[in-house]
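Colleague: My structure is below; once you've seen it, I'll send some questions.
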Amino acid sequence: MAQVDTVETGSGGGAERERTGSRVRSVAGRLRRDPGIWRRGVLLALCAVLLALVMVFHAQIPNRVGNIGSLTETFLPWFGVFLPLLLVAGLLRRSATALVALVLPVAVWLNFFGGLATDKSGPGGDLMVVSHNVNADNPDPEGTARSVADSGADVVALEELKPAMVPVYEAALADRYPYHSVQGTVGLWSTYPLKDSAPVDIRLGWTRAMRATVSTPKGDFAVYVAHLPSVRVKLNAGFTANQRDNSADALGEAIARERLDDVILLGDLNGTMNDRSLNAVTSQLRSTQGAAGDGMGFSWPAAFPMARIDQILVRGVEPVASWTLPATDSDHLPIAARVTL
């Protein structure tokens, strides 16, 4: 009579689940019997609470000493790096107090930046715009110009144009963009007609901002291009930004006087949307990255982007998508957005 082999199924998986459940119960039992689980890690818990308080009350951090308030706001998203570190430390310390306290900064960070970490971009849009600080010392301005043109943008703003290099950019962009205007160290190139191009006084003594009207089949809109001064480091003074802040106020006043309803601001503002020193500008306009961005959109420094100091801000138009473009030979990444007019 032939021997029939029998196969037992399910018993191995059930045994493994039982062993796993036994281990979990064993760990849970040890933790319940551990008298120090709530006493250990008090310092870690205090660090977690302090981290949450700094994020919640960042606007109250004073700027009087070293411009520390604005500096904190510039890198505020990076406070999230401390969260996994505190989690690991709490687990190693087997501290329930630290782990419970960690819930607070996690909730705050997710409330502030959780939406930025996702892709909110959508299809469509009437107009694609690009802004790029090309770097005055760019070793390949022609290649940078070609890279920007290859993006397919309808309107391009360039900042930090060295006067000697302007003809190079003009020649490289001429085929795709029949209309352009350069004012000082900023310029605007467009596939649509430009009119009323003029510099904007941002209280620097030389021109680093401009305004123009772009005429499209769907109507006119105003475009501002700006390159605000950099935050400086001074001995015995830390980070100083008085010149940047004064220029931001002047730019905000110019935008407030704008007669057209539809406005797009393109440029290097040397500050993030969280920086209270840019309120004169950011209170009037919305960020395309915040509304329809793909991720955080960090643009500087190009080698390892840590902050979005390059901005596309709008009023009266609807952001559809916002993203960063591939690196050029600049120290900034180009940024792009599609909007509906």
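Naming works like this for the structure tokens: A, B, ... for the chains as they're shown, residue 1 at the start of each chain, ligands 1 onward in shown order.
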Range 86-181 of chain A: which residues are helix (DSSP H, G or I) by DSSP, as a ChimeraX atom specification?
Modeller: /A:86-93,96-113,141-149,163-173
Colleague: Quick check for you: according to DSSP on this backbone, which residues of range 125-258 of chain A are classed as strand (DSSP E or B)? Reply as a PyMOL selection string.
Modeller: chain A and resi 127-133+155-159+179-183+186-190+194-199+209-216+219-227+232-234+238-240
Colleague: Quick one: residues within 9 Å of Arg208 in chain A, only C-alpha atoms counted, chain neighbours fewer than 3 positions away excluded, as a PyMOL selection string?
Modeller: chain A and resi 159-160+183-186+199-202+204+225-229
Colleague: If we count only C-alpha atoms and set the cut-off at 10 Å, which residues sit around Ile61 in chain A, ignoring sequence neighbours fewer than 3 positions away in its own chain? Please answer as a PDB file with N, CA, C and O atoms, in the first residue's frame.
Modeller:
```pdb
ATOM      1  N   VAL A  54       9.627  76.365  21.707  1.00  0.00           N
ATOM      2  CA  VAL A  54      10.378  77.192  20.753  1.00  0.00           C
ATOM      3  C   VAL A  54       9.646  77.265  19.420  1.00  0.00           C
ATOM      4  O   VAL A  54       9.550  78.339  18.799  1.00  0.00           O
ATOM      5  N   PHE A  57       6.288  79.371  19.933  1.00  0.00           N
ATOM      6  CA  PHE A  57       6.482  80.787  20.249  1.00  0.00           C
ATOM      7  C   PHE A  57       7.691  81.374  19.538  1.00  0.00           C
ATOM      8  O   PHE A  57       8.338  82.291  20.050  1.00  0.00           O
ATOM      9  N   HIS A  58       8.001  80.868  18.333  1.00  0.00           N
ATOM     10  CA  HIS A  58       9.170  81.372  17.609  1.00  0.00           C
ATOM     11  C   HIS A  58       9.076  82.865  17.315  1.00  0.00           C
ATOM     12  O   HIS A  58      10.093  83.559  17.275  1.00  0.00           O
ATOM     13  N   ARG A  64      16.825  91.329  18.867  1.00  0.00           N
ATOM     14  CA  ARG A  64      17.736  92.397  19.286  1.00  0.00           C
ATOM     15  C   ARG A  64      19.181  91.922  19.357  1.00  0.00           C
ATOM     16  O   ARG A  64      20.091  92.687  19.082  1.00  0.00           O
ATOM     17  N   VAL A  65      19.392  90.678  19.712  1.00  0.00           N
ATOM     18  CA  VAL A  65      20.746  90.150  19.845  1.00  0.00           C
ATOM     19  C   VAL A  65      21.013  89.152  18.720  1.00  0.00           C
ATOM     20  O   VAL A  65      20.421  88.068  18.675  1.00  0.00           O
ATOM     21  N   ASN A  67      20.106  88.881  15.739  1.00  0.00           N
ATOM     22  CA  ASN A  67      19.026  88.517  14.819  1.00  0.00           C
ATOM     23  C   ASN A  67      18.617  87.054  14.990  1.00  0.00           C
ATOM     24  O   ASN A  67      18.234  86.365  14.048  1.00  0.00           O
ATOM     25  N   ILE A  68      18.667  86.590  16.241  1.00  0.00           N
ATOM     26  CA  ILE A  68      18.465  85.178  16.519  1.00  0.00           C
ATOM     27  C   ILE A  68      17.038  84.728  16.208  1.00  0.00           C
ATOM     28  O   ILE A  68      16.794  83.581  15.838  1.00  0.00           O
ATOM     29  N   GLY A  69      16.067  85.652  16.325  1.00  0.00           N
ATOM     30  CA  GLY A  69      14.686  85.288  16.030  1.00  0.00           C
ATOM     31  C   GLY A  69      14.492  84.900  14.576  1.00  0.00           C
ATOM     32  O   GLY A  69      13.949  83.829  14.265  1.00  0.00           O
ATOM     33  N   SER A  70      14.949  85.752  13.669  1.00  0.00           N
ATOM     34  CA  SER A  70      14.815  85.461  12.243  1.00  0.00           C
ATOM     35  C   SER A  70      15.640  84.246  11.843  1.00  0.00           C
ATOM     36  O   SER A  70      15.229  83.457  10.989  1.00  0.00           O
ATOM     37  N   LEU A  71      16.804  84.095  12.466  1.00  0.00           N
ATOM     38  CA  LEU A  71      17.637  82.944  12.149  1.00  0.00           C
ATOM     39  C   LEU A  71      16.935  81.651  12.552  1.00  0.00           C
ATOM     40  O   LEU A  71      16.939  80.665  11.801  1.00  0.00           O
ATOM     41  N   THR A  72      16.297  81.649  13.715  1.00  0.00           N
ATOM     42  CA  THR A  72      15.537  80.478  14.157  1.00  0.00           C
ATOM     43  C   THR A  72      14.403  80.173  13.183  1.00  0.00           C
ATOM     44  O   THR A  72      14.167  79.012  12.806  1.00  0.00           O
ATOM     45  N   GLU A  73      13.702  81.214  12.737  1.00  0.00           N
ATOM     46  CA  GLU A  73      12.569  81.015  11.832  1.00  0.00           C
ATOM     47  C   GLU A  73      13.012  80.516  10.462  1.00  0.00           C
ATOM     48  O   GLU A  73      12.284  79.773   9.795  1.00  0.00           O
TER      49      GLU A  73
END
```
Colleague: Please identify every residue of range 200-301 of chain A that has at least one atom no farther than 10 Å from an atom of range 153-156 of chain A, counting only C-alpha atoms, and for each give the shortest atom pair and the distance in Å to one decimal, arranged by chain then increasing number, as JSON lines.
Modeller:
```
{"residue": "A:Val214", "atom": "CA", "partner": "A:Val155", "partner_atom": "CA", "distance": 8.9}
{"residue": "A:Val223", "atom": "CA", "partner": "A:Val155", "partner_atom": "CA", "distance": 9.4}
{"residue": "A:Val225", "atom": "CA", "partner": "A:Val156", "partner_atom": "CA", "distance": 9.7}
{"residue": "A:Leu266", "atom": "CA", "partner": "A:Val156", "partner_atom": "CA", "distance": 8.7}
```
Colleague: For Ala157 in chain A, work out the shell of residues within 8 Å, counting only C-alpha atoms and skipping chain neighbours fewer than 5 positions away, then give it as an MDAnalysis selection string.
Modeller: chainID A and resid 129:132 186:189 225 266:267
Colleague: Ranking A:Asp262, A:Met306, A:Leu76, A:Pro141 by minimum distance to Phe113 in chain A and counting only C-alpha atoms, which one comes first?
Modeller: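 That would be A:Leu76, the residue with the smallest distance to Phe113 in chain A.
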Colleague: If you count only C-alpha atoms, which residues fall within 8 Å of range 148-150 of chain A, apart from same-chain ones fewer than 2 positions away, as a ChimeraX atom specification?
Modeller: /A:130,144-146,152-153,156,173,176,334
Colleague: Of the candidates A:Ala48, A:Ala212, A:Leu92, A:Trp206, which one gets nearest to Ser190 in chain A if we count only C-alpha atoms?
Modeller: A:Ala212
Colleague: Find the spatial neighbours of Asp294 in chain A, counting only C-alpha atoms, within a cut-off of 10 Å - ignore same-chain residues fewer than 6 positions away - and output them as a list of chain:residue names.
Modeller: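 Near Asp294 in chain A, the qualifying residues are A:Leu116, A:Ala117, A:Thr118, A:Asp119, A:Lys120, A:Ser121, A:Gly122, A:Thr288, A:Ala321, A:Ser322, A:Trp323, A:Thr324.
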Colleague: Let me make sure I understand: among A:Thr74, A:Ser181, A:Asn135, A:Thr207, which one has the smallest atom-to-atom distance to Gly271 in chain A if we use only C-alpha atoms?
Modeller: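 The shortest atom-to-atom distance to Gly271 in chain A comes from A:Thr74.
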Colleague: How many Å lie between CA of Leu341 in chain A and CA of Phe221 in chain A, rounded to one decimal?
Modeller: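 Answer for the CA of Leu341 in chain A to CA of Phe221 in chain A separation: 8.6 Å.
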